[in-house]
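The structure under discussion appears below in the form of structure tokens.
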Amino acid sequence: MKIERKRERIFYFLLVPSSLVVLTFVLLLGVLVYSSIPALDRFGLSVYTKNVWDPVNDQYGGLAAIYGTIVTGVLSVAISAPFATALAVFVNDISPKKIKSFMINLSDLLAAFPTVVYGFWGLLSLGPFLSQTLFAFLGSLFGLHRITNGPSLLLASIVLAIMITPFASSLLREVYSQVPKSVDEAVYSLGLGKWELVVLKLSYIKRAFLGAYALAFGRAVGETVAVSLTIGNVLNISPNLLDPGYTIPSLIISQFGTAYGIQYNVMFALALFLVVIGIAFVIISRLILRVRL
Amino acid sequence: MKGISTWAAVIIVVIIIVAAAGIYFVMSSQGGHSATTTSTTSTSSTSSSTSTSTTAAPPQISASIVAGGSTFVNPAMQIWVKGFQSEYPGIQVTYSSTGSGAGVNNFLQGAYDIGATDVPPPSNLYQQMTQKYGEILTIPDVVGAVDIIYNIPGFTGVLNLTPDVIAKIYLGQIQYWDDPAIKALNPNFNFPHQKIIAVHRSDGSGTTFVFTYWLYISSEAWRSSGVGYGYTVNWPVDQLGNGLGGKGSEGVTAYVKQNPYSIGYVEAQYAIANNLTAAAVLNPSTGEFVKPSEATIEIAVQNANLTQLPSSLTVDMSKYLSVFLNVKAHNAYPIVSFSWLVVKVNYNDESKAEAIYLFLKYIVTTGQTELPTGYLPLPSNIQQLVLENLKLISYNNKPVYTMVS
Amino acid sequence: MRVKDAVIVSIITSLVVLFLLPIAFLFYTVIVNGLKVIISYGPRFFIDLPPNPGDGLGGIGSALEGTLYMVSLAVLISAPISVLAGAFLSFFERSKVASSIRASLELLVEFPTIVVGIVVFQILVLGFGLGLSGFTAAVALAIVMLPYSTIQISEALRIPKKLYEEAAYSLGLTTWQVMRLIMRIGRRGIVNGLLIGFAKIIGETAPVIFLTSSTANLYLQSFTSPVTGIPVLIYTFAFSGYQNWNDVAWGASLVLITIVTVVFVIARRMAK
């Protein structure tokens, strides 16, 4: 009995700092909602569905930013997927032992890398390089208009893809390595080789793949600095990916400092939207990953 | 059981050292009004000493000033802060180059002691500020100009532009460099059929305010478009995919440099420092195309009608925005403006009041002699006007200038 | 089979190499440009103040100090919470409370860092009037770091717990003693978790951009003075048209990734 009571005391003792975690989250969300209310009150949902940013006339609608957020998010996930998968497979089934641990460490290091360096490099090095090569090619292939050397939705998406690949690959690596060894044995005992093995394992983790990418998508849309340096910061809704655009985080970083009055609240309303997307995707990924085979 | 490895110990020790350093700073910092170890003379003076000789050693004041706003003055501000701090090492000044809009906004919110802005606070903001703080001072700190920079490969010489043409470019009505309107102004160059990339600011900017206000008063096309003027406006050219938003004048400069066939507006200083050619702009008052240079900006300043400026700078200064725009004088550059600093008049922290007084005084006197290229000092009558107004700065309604010589 | 295997291996390997190319390009650019700057300026790069715009080279001393200060303060704030919460999660993981805490952590991890920044601005700067200071910046960083470290620590404690819990109880130790024992055994994992959080927030720009000064023109003077950090400096300088500021930014980038890499390597060593 004494142990029971002690255990309880420890439980409650540790509960205090632990609940600070929950408290922080609730507080952040609460302030977000509270600060968004005036904007939602005044503009209703048009703060999300209109495309205008006019402090002179106090009209705000963040549709272009939402468009850019979703486009760059989806595109970066699409670009990153084959590479992250390849990394996961490579590390587990293909690479020799020595390279394996190096690759794992490298990709984890890259996942923790300062994003501002990615953005800086993206703007000054990768951007001009891609402009002369890939973008010029795409531009002439599809007859697309573009700003030479310029930032664009596509450039931002590529930089984002490079940034989320290490993170996504570490998630996929985990899952891929958890496919039971019996599968390996079965495949080899049937006289089949790497090809079948990889294909089979990949089909095993299909579900987890979606879960991992739901998380990566959430990470990509929340990225601020690298995007604001490479996207052009223009409220433009365009199917042309070589055009510049905006995302919600880069809009916030540009305009928050000067926002006063109702514009300030609009920023929070947009931030709220972003957080809701993020939360939604975390929930989706949990649901997917929970219900495993 | 294994102990912590030496690596971990090293890291932990490093963290502790840095944390200790931080705590050391707290303890050794001279926070301000209370008498501290190193302050000597005037910090805790309560007797209002009559103003004595101006050759007294700089008083040992400790205070911290948080300033921020306009990216326009940033290059000058950096120099001022360094110079000022070497004279008054106890006063710590930080300046955040966040844009004029942020400058006035944060000043209003209380995060900045000094808000730097390229245009005096608009009337509605002025009302809010005076409501919250009582009297405020809006003083000019330097003269600058807005250059129109461009990047046209192969173009030599100077590009001629009128307010209407510039307006139409940013309205998206003129989209290509070989537009007849541009060719008419510049018949000697064979412009290619390339889209004009119009670069503007992505952050709330006083430069944008001056630029759009100038367009508003100078161009019928801009006036009738309804876009108006402000720290940020709704740029029609963006919807066409031909606009770019750069962060700060730095960002605009970087974009114009990087992208052929682009055009942008920045403070003159940035154009000069980065070897960018600026356009010759039509001055509607004189009908001349004038290139921005120290000389042409100076002419605008000297010939402007400064008698309209009020003697007390505590009033709403927003209508004095156009004092230097389109000055009617031969060879006067049309887009010239002051940049301004907004501060409170009355403080309840003595050392802060003194520090701000000294800093502003420095800017208006010594600071005017160490400006980087592209900036012009305030005309001497304006300097006097500002110095007179600085005397209003007070601590608990007692002017501080008497206490710090 | 042979051909098929060769095909798949080459596809996978070429994708990996293709991914590594831009990474190598990144490292190369940062290292070369950064070294050029640091070597030409000399070792005082780490101490001196940054240069005026357009005015030759300078150092990153004030920003470096600011970053170290902010980050250490953030670690001091979040470490106790991370460790205790991590311990709670690994010891009482089956309780209902634990799952809600875990859920909050996962959600916090995905929180866009810029939003953390503006919310902290709203609460501390506007709400409490604390102004821009090293402290407010540290709080924002602490919030960003918290979920990472807590999750890492709770994972790290899981193994020692599994291995030793039974044995410890059977030896008659009380719960409290058992916990302390396991935490001592898992010491490395705990420090590792904190280091990972540390590495992560060193490079963070978005949470502190509205809470710091953008001019790195002075050294720390007091607890409440505004600070600037290296990531913010890079962001400001990189995006400027001034060549010399761009150069300083490359040097700063090199310093930054070096610090992150070193901390990371140390953390990895310890996790073994």
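A note on labels: chains of the structure tokens are A, B, ... as shown, every chain counts residues from 1, and ligands are counted from 1 in their shown order.
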
Write out as a ChimeraX atom specification which residues come within 8 Å of A:Pro166 when counting only C-alpha atoms, dropping same-chain ones fewer than 6 positions away. /A:84,107-108,110-111

Write out as a ChimeraX atom specification the residues lying within 8 Å of C:Gly117, counting only C-alpha atoms and excluding same-chain residues fewer than 6 positions away. /C:140,206-211

Test item: chain B residues at most 7 Å from chain A, counting only C-alpha atoms, as a ChimeraX atom specification: /B:98,101-102,105,202-204,228-230,232-234,238-239,241,243-247,258-260

Residues as selected, C-alpha atoms, written as a PDB file, in the first residue's frame, can you do that?
```pdb
ATOM      1  CA  THR B  98      11.661  46.136 -40.339  1.00  0.00           C
ATOM      2  CA  GLY B 101       4.921  50.431 -41.264  1.00  0.00           C
ATOM      3  CA  ALA B 102       6.383  48.231 -38.564  1.00  0.00           C
ATOM      4  CA  ASN B 105       3.110  50.274 -35.531  1.00  0.00           C
ATOM      5  CA  SER B 202       6.588  42.814 -49.873  1.00  0.00           C
ATOM      6  CA  ASP B 203       6.727  44.438 -46.464  1.00  0.00           C
ATOM      7  CA  GLY B 204       4.999  47.581 -45.277  1.00  0.00           C
ATOM      8  CA  GLY B 228      -4.265  54.793 -53.737  1.00  0.00           C
ATOM      9  CA  TYR B 229      -1.179  55.084 -51.590  1.00  0.00           C
ATOM     10  CA  GLY B 230       0.053  53.539 -48.419  1.00  0.00           C
ATOM     11  CA  THR B 232       1.351  48.451 -48.759  1.00  0.00           C
ATOM     12  CA  VAL B 233      -1.009  48.642 -51.667  1.00  0.00           C
ATOM     13  CA  ASN B 234      -2.774  46.154 -53.829  1.00  0.00           C
ATOM     14  CA  ASP B 238       0.855  41.066 -59.377  1.00  0.00           C
ATOM     15  CA  GLN B 239      -2.308  39.523 -60.726  1.00  0.00           C
ATOM     16  CA  GLY B 241       2.293  37.369 -62.755  1.00  0.00           C
ATOM     17  CA  GLY B 243       5.274  41.466 -60.106  1.00  0.00           C
ATOM     18  CA  LEU B 244       7.791  40.522 -57.452  1.00  0.00           C
ATOM     19  CA  GLY B 245       7.774  41.472 -53.815  1.00  0.00           C
ATOM     20  CA  GLY B 246      11.154  42.074 -52.266  1.00  0.00           C
ATOM     21  CA  LYS B 247      11.699  42.309 -48.551  1.00  0.00           C
ATOM     22  CA  GLN B 258      19.134  39.353 -60.523  1.00  0.00           C
ATOM     23  CA  ASN B 259      16.345  39.590 -63.037  1.00  0.00           C
ATOM     24  CA  PRO B 260      16.815  41.081 -66.503  1.00  0.00           C
TER      25      PRO B 260
END
```

With DSSP run on the backbone, what are the strand (DSSP E or B) residues within stretch 161-217 of chain B? I'd like them as a PyMOL selection string. chain B and resi 161+176+195+197-201

Polymer residues at most 12 Å from C:Arg184, only C-alpha atoms, same-chain spacing of 3 or more positions, as a PyMOL selection string: (chain B and resi 1-4) or (chain C and resi 83+87+156-157+160-161+164+177-181+187-191)

A:Phe113, A:Tyr12, A:Phe43, A:Phe102: which is nearest C:Ala199, counting only C-alpha atoms?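 Answer, going by the shortest atom-to-atom distance: A:Phe113.
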
Give me, as a ChimeraX atom specification, all polymer residues having an atom no more than 8 Å from stretch 157-159 of chain A, counting only C-alpha atoms and skipping those fewer than 3 positions away in the same chain. /A:72-73,75-76,79,118-119,122,153-154,162-163,226-227

I'd like the neighbourhood of A:Gly222 as a compact mmCIF listing (two decimals) with all heavy atoms, in the first residue's frame, where a residue qualifies if any of its atoms comes within 9 Å (using only C-alpha atoms), though same-chain residues fewer than 2 positions away should be ignored.
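This is the output file out-v1.txt:
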```
# COMPACT_ATOMS: atom_id res chain seq x y z
N THR A 69 0.36 27.92 -50.60
CA THR A 69 0.71 26.97 -49.56
C THR A 69 0.41 25.55 -50.01
O THR A 69 1.23 24.64 -49.90
CB THR A 69 -0.10 27.26 -48.28
OG1 THR A 69 0.08 28.62 -47.91
CG2 THR A 69 0.34 26.36 -47.16
N PHE A 217 3.99 16.58 -45.22
CA PHE A 217 3.22 17.67 -45.81
C PHE A 217 3.01 18.77 -44.77
O PHE A 217 3.18 19.95 -45.05
CB PHE A 217 1.88 17.14 -46.31
CG PHE A 217 1.01 18.20 -46.94
CD1 PHE A 217 1.22 18.60 -48.23
CD2 PHE A 217 -0.04 18.77 -46.23
CE1 PHE A 217 0.42 19.57 -48.82
CE2 PHE A 217 -0.84 19.73 -46.81
CZ PHE A 217 -0.62 20.14 -48.10
N GLY A 218 2.64 18.35 -43.56
CA GLY A 218 2.44 19.32 -42.49
C GLY A 218 3.71 20.12 -42.24
O GLY A 218 3.69 21.33 -42.04
N ARG A 219 4.85 19.42 -42.28
CA ARG A 219 6.13 20.10 -42.08
C ARG A 219 6.39 21.09 -43.21
O ARG A 219 6.81 22.22 -42.98
CB ARG A 219 7.20 19.00 -42.05
CG ARG A 219 8.62 19.42 -41.83
CD ARG A 219 8.89 19.92 -40.45
NE ARG A 219 8.72 18.92 -39.41
CZ ARG A 219 9.69 18.20 -38.88
NH1 ARG A 219 10.91 18.32 -39.34
NH2 ARG A 219 9.45 17.36 -37.92
N ALA A 220 6.10 20.66 -44.43
CA ALA A 220 6.40 21.52 -45.59
C ALA A 220 5.58 22.79 -45.59
O ALA A 220 6.10 23.87 -45.88
CB ALA A 220 6.16 20.74 -46.89
N THR A 224 8.86 28.46 -43.26
CA THR A 224 8.75 29.88 -43.55
C THR A 224 9.92 30.46 -44.31
O THR A 224 9.77 31.00 -45.39
CB THR A 224 8.65 30.67 -42.23
OG1 THR A 224 7.74 30.04 -41.38
CG2 THR A 224 8.23 32.08 -42.50
N ILE A 248 1.24 31.10 -46.91
CA ILE A 248 0.81 31.74 -45.67
C ILE A 248 1.99 32.09 -44.77
O ILE A 248 2.11 33.22 -44.31
CB ILE A 248 -0.22 30.87 -44.91
CG1 ILE A 248 -1.48 30.73 -45.74
CG2 ILE A 248 -0.55 31.50 -43.57
CD1 ILE A 248 -2.58 29.93 -45.08
N PRO A 249 2.93 31.18 -44.52
CA PRO A 249 4.05 31.58 -43.66
C PRO A 249 4.86 32.74 -44.24
O PRO A 249 5.29 33.61 -43.48
CB PRO A 249 4.90 30.31 -43.56
CG PRO A 249 4.00 29.20 -43.89
CD PRO A 249 3.01 29.74 -44.87
N LEU A 274 -3.54 27.71 -41.13
CA LEU A 274 -2.35 26.89 -41.31
C LEU A 274 -2.24 25.82 -40.24
O LEU A 274 -1.97 24.65 -40.50
CB LEU A 274 -1.12 27.80 -41.26
CG LEU A 274 0.17 27.23 -41.77
CD1 LEU A 274 0.06 26.92 -43.22
CD2 LEU A 274 1.28 28.23 -41.53
N VAL A 275 -2.47 26.24 -39.00
CA VAL A 275 -2.36 25.30 -37.89
C VAL A 275 -3.42 24.22 -38.01
O VAL A 275 -3.16 23.03 -37.75
CB VAL A 275 -2.51 26.04 -36.54
CG1 VAL A 275 -2.66 25.07 -35.41
CG2 VAL A 275 -1.31 26.92 -36.31
N GLY A 278 -2.26 21.73 -40.39
CA GLY A 278 -1.22 20.91 -39.77
C GLY A 278 -1.81 19.86 -38.84
O GLY A 278 -1.46 18.68 -38.89
N GLU C 110 4.47 19.64 -35.06
CA GLU C 110 4.10 20.06 -36.41
C GLU C 110 3.68 21.52 -36.48
O GLU C 110 3.34 22.01 -37.55
CB GLU C 110 2.93 19.20 -36.91
CG GLU C 110 3.32 17.77 -37.17
CD GLU C 110 4.21 17.64 -38.39
OE1 GLU C 110 3.83 18.13 -39.46
OE2 GLU C 110 5.29 17.06 -38.27
N PHE C 111 3.67 22.19 -35.32
CA PHE C 111 3.24 23.59 -35.31
C PHE C 111 4.21 24.42 -36.14
O PHE C 111 5.41 24.37 -35.90
CB PHE C 111 3.28 24.08 -33.85
CG PHE C 111 2.11 24.90 -33.45
CD1 PHE C 111 0.90 24.30 -33.20
CD2 PHE C 111 2.21 26.26 -33.30
CE1 PHE C 111 -0.20 25.04 -32.81
CE2 PHE C 111 1.13 27.01 -32.91
CZ PHE C 111 -0.08 26.40 -32.66
N PRO C 112 3.69 25.23 -37.07
CA PRO C 112 4.62 26.04 -37.85
C PRO C 112 5.35 27.00 -36.93
O PRO C 112 4.73 27.69 -36.12
CB PRO C 112 3.69 26.81 -38.81
CG PRO C 112 2.39 26.12 -38.77
CD PRO C 112 2.29 25.43 -37.46
N THR C 113 6.66 27.07 -37.05
CA THR C 113 7.43 27.84 -36.10
C THR C 113 7.12 29.34 -36.16
O THR C 113 7.23 30.03 -35.17
CB THR C 113 8.95 27.64 -36.32
OG1 THR C 113 9.25 27.91 -37.68
CG2 THR C 113 9.35 26.24 -35.97
N ILE C 114 6.73 29.81 -37.34
CA ILE C 114 6.43 31.23 -37.44
C ILE C 114 5.21 31.56 -36.59
O ILE C 114 5.12 32.64 -36.00
CB ILE C 114 6.20 31.66 -38.90
CG1 ILE C 114 5.94 33.16 -38.98
CG2 ILE C 114 5.02 30.96 -39.54
CD1 ILE C 114 7.12 33.96 -39.30
N VAL C 115 4.28 30.63 -36.50
CA VAL C 115 3.09 30.87 -35.70
C VAL C 115 3.46 30.93 -34.23
O VAL C 115 2.93 31.75 -33.48
CB VAL C 115 2.02 29.78 -35.97
CG1 VAL C 115 0.81 30.02 -35.11
CG2 VAL C 115 1.64 29.78 -37.42
```

Write down, as a ChimeraX atom specification, each residue of chain C that has any atom within 6 Å of an atom of chain A, counting only C-alpha atoms. /C:4-5,8,12,15-16,81,85,88,101,104,112,200,203

Contacts of B:Lys319 within 10 Å, only C-alpha atoms, excl. fewer than 2 positions in-chain, as number ranges by chain: B: 119-123, 309, 316-317, 321-323

Keeping only N, CA, C and O atoms, write the selected residues to a file as a compact mmCIF listing (two decimals), in the first residue's frame.
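Below is the file again_27.txt, written as the result:
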```txt
# COMPACT_ATOMS: atom_id res chain seq x y z
N VAL B 119 7.45 58.25 -44.00
CA VAL B 119 6.38 59.23 -44.09
C VAL B 119 5.87 59.49 -42.68
O VAL B 119 5.84 58.57 -41.86
N PRO B 120 5.47 60.71 -42.37
CA PRO B 120 4.93 60.95 -41.04
C PRO B 120 3.72 60.04 -40.84
O PRO B 120 3.02 59.73 -41.79
N PRO B 121 3.45 59.64 -39.60
CA PRO B 121 2.33 58.73 -39.37
C PRO B 121 1.04 59.30 -39.94
O PRO B 121 0.74 60.47 -39.73
N PRO B 122 0.28 58.49 -40.65
CA PRO B 122 -1.01 58.94 -41.17
C PRO B 122 -1.90 59.41 -40.02
O PRO B 122 -1.73 58.98 -38.88
N SER B 123 -2.86 60.27 -40.36
CA SER B 123 -3.66 60.90 -39.31
C SER B 123 -4.29 59.94 -38.33
O SER B 123 -4.28 60.17 -37.13
N LEU B 309 6.31 74.45 -43.10
CA LEU B 309 6.48 73.56 -41.95
C LEU B 309 6.13 74.29 -40.66
O LEU B 309 6.52 75.43 -40.45
N ASP B 316 0.16 66.87 -36.12
CA ASP B 316 0.01 65.83 -37.13
C ASP B 316 0.80 66.25 -38.37
O ASP B 316 0.43 67.19 -39.06
N MET B 317 1.87 65.55 -38.64
CA MET B 317 2.77 65.97 -39.72
C MET B 317 2.44 65.32 -41.05
O MET B 317 3.16 65.49 -42.01
N LEU B 321 4.07 65.59 -46.10
CA LEU B 321 4.72 64.55 -46.89
C LEU B 321 5.21 65.10 -48.22
O LEU B 321 6.27 64.73 -48.71
N SER B 322 4.46 66.00 -48.79
CA SER B 322 4.77 66.36 -50.17
C SER B 322 5.68 67.57 -50.29
O SER B 322 5.80 68.13 -51.36
N VAL B 323 6.27 67.95 -49.18
CA VAL B 323 7.11 69.15 -49.19
C VAL B 323 8.19 69.12 -50.27
O VAL B 323 8.47 70.12 -50.92
```

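Between chain C and the residues B:Lys168, B:Arg201, B:Lys257, B:Lys132, the shortest atom-to-atom distance, using only C-alpha atoms, involves B:Lys257.
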
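Within 12 Å of C:Thr258, once only C-alpha atoms are used and residues closer than 2 positions along the same chain are dropped, the contacting residues are Leu109, Phe113, Pro114 and Val117 of chain A; Phe27, Val30, Ile31, Gly34, Leu35, Ala199, Ile202, Gly203, Gly251, Ala252, Ser253, Leu254, Val255, Leu256, Val260, Thr261, Val262, Val263, Phe264 and Val265 of chain C.
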
Keeping only N, CA, C and O atoms, write the selected residues to a file as a compact mmCIF listing (two decimals), in the first residue's frame.
```txt
# COMPACT_ATOMS: atom_id res chain seq x y z
N LEU A 109 21.10 14.44 -39.84
CA LEU A 109 21.72 15.76 -39.70
C LEU A 109 21.02 16.77 -40.59
O LEU A 109 20.69 17.88 -40.18
N PHE A 113 19.03 20.60 -40.07
CA PHE A 113 19.79 21.73 -40.61
C PHE A 113 19.02 23.03 -40.56
O PHE A 113 17.80 23.03 -40.73
N PRO A 114 19.73 24.13 -40.35
CA PRO A 114 19.02 25.41 -40.32
C PRO A 114 18.39 25.71 -41.67
O PRO A 114 19.07 25.69 -42.70
N VAL A 117 19.70 28.51 -44.15
CA VAL A 117 20.80 28.23 -45.07
C VAL A 117 20.28 27.61 -46.35
O VAL A 117 20.72 27.94 -47.46
N PHE C 27 26.62 22.00 -49.63
CA PHE C 27 27.79 22.00 -48.76
C PHE C 27 28.97 22.71 -49.42
O PHE C 27 29.65 23.52 -48.80
N VAL C 30 28.43 26.55 -49.54
CA VAL C 30 28.54 27.20 -48.24
C VAL C 30 29.98 27.15 -47.74
O VAL C 30 30.53 28.13 -47.24
N ILE C 31 30.61 25.99 -47.87
CA ILE C 31 31.97 25.85 -47.35
C ILE C 31 32.93 26.75 -48.10
O ILE C 31 33.70 27.50 -47.50
N GLY C 34 31.96 30.46 -47.56
CA GLY C 34 32.15 30.82 -46.16
C GLY C 34 33.62 30.89 -45.79
O GLY C 34 34.07 31.84 -45.15
N LEU C 35 34.37 29.89 -46.22
CA LEU C 35 35.79 29.88 -45.88
C LEU C 35 36.50 31.09 -46.46
O LEU C 35 37.34 31.71 -45.80
N ALA C 199 20.35 21.53 -31.09
CA ALA C 199 20.78 21.65 -32.48
C ALA C 199 19.66 22.20 -33.34
O ALA C 199 19.87 23.00 -34.23
N ILE C 202 19.09 26.06 -32.73
CA ILE C 202 20.16 26.99 -33.10
C ILE C 202 19.88 27.58 -34.47
O ILE C 202 20.14 28.75 -34.73
N GLY C 203 19.33 26.75 -35.34
CA GLY C 203 19.15 27.22 -36.70
C GLY C 203 17.80 27.86 -36.95
O GLY C 203 17.50 28.23 -38.08
N GLY C 251 29.73 33.47 -44.58
CA GLY C 251 30.59 33.08 -43.45
C GLY C 251 29.75 32.62 -42.27
O GLY C 251 30.03 31.60 -41.63
N ALA C 252 28.68 33.39 -42.00
CA ALA C 252 27.82 33.02 -40.89
C ALA C 252 27.15 31.67 -41.12
O ALA C 252 26.98 30.87 -40.20
N SER C 253 26.76 31.42 -42.37
CA SER C 253 26.13 30.13 -42.67
C SER C 253 27.08 28.99 -42.38
O SER C 253 26.69 27.96 -41.81
N LEU C 254 28.34 29.20 -42.76
CA LEU C 254 29.31 28.13 -42.51
C LEU C 254 29.45 27.88 -41.02
O LEU C 254 29.44 26.73 -40.55
N VAL C 255 29.55 28.98 -40.25
CA VAL C 255 29.66 28.82 -38.80
C VAL C 255 28.45 28.07 -38.26
O VAL C 255 28.56 27.14 -37.45
N LEU C 256 27.29 28.46 -38.75
CA LEU C 256 26.06 27.86 -38.24
C LEU C 256 26.01 26.35 -38.52
O LEU C 256 25.75 25.55 -37.63
N VAL C 260 25.94 23.21 -35.81
CA VAL C 260 24.89 22.20 -35.81
C VAL C 260 25.48 20.81 -36.01
O VAL C 260 25.12 19.85 -35.32
N THR C 261 26.42 20.71 -36.97
CA THR C 261 27.01 19.40 -37.23
C THR C 261 27.77 18.88 -36.02
O THR C 261 27.63 17.71 -35.64
N VAL C 262 28.55 19.75 -35.39
CA VAL C 262 29.33 19.31 -34.23
C VAL C 262 28.41 18.82 -33.11
O VAL C 262 28.60 17.74 -32.55
N VAL C 263 27.39 19.62 -32.81
CA VAL C 263 26.47 19.21 -31.74
C VAL C 263 25.82 17.89 -32.10
O VAL C 263 25.67 16.99 -31.27
N PHE C 264 25.46 17.76 -33.36
CA PHE C 264 24.78 16.56 -33.79
C PHE C 264 25.68 15.33 -33.65
O PHE C 264 25.26 14.29 -33.14
N VAL C 265 26.93 15.50 -34.08
CA VAL C 265 27.86 14.38 -33.98
C VAL C 265 28.05 13.96 -32.52
O VAL C 265 28.04 12.77 -32.19
```

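Selecting alpha helix (DSSP H) from the backbone DSSP output for stretch 151-207 of chain B yields Pro163, Asp164, Val165, Ile166, Ala167, Lys168, Ile169, Tyr170, Leu171, Pro180, Ala181, Ile182, Lys183, Ala184, Leu185, Gly206 and Thr207 of chain B.
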
Looking at C:Ser170, C:Thr236, C:Ser14, C:Ser95, which one is nearest to chain B, with distances taken over only C-alpha atoms? C:Thr236

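Distances here use only C-alpha atoms; by that measure, the residue among B:Ile139, B:Ile91, B:Ile182, B:Leu390 closest to B:Thr402 is B:Leu390.
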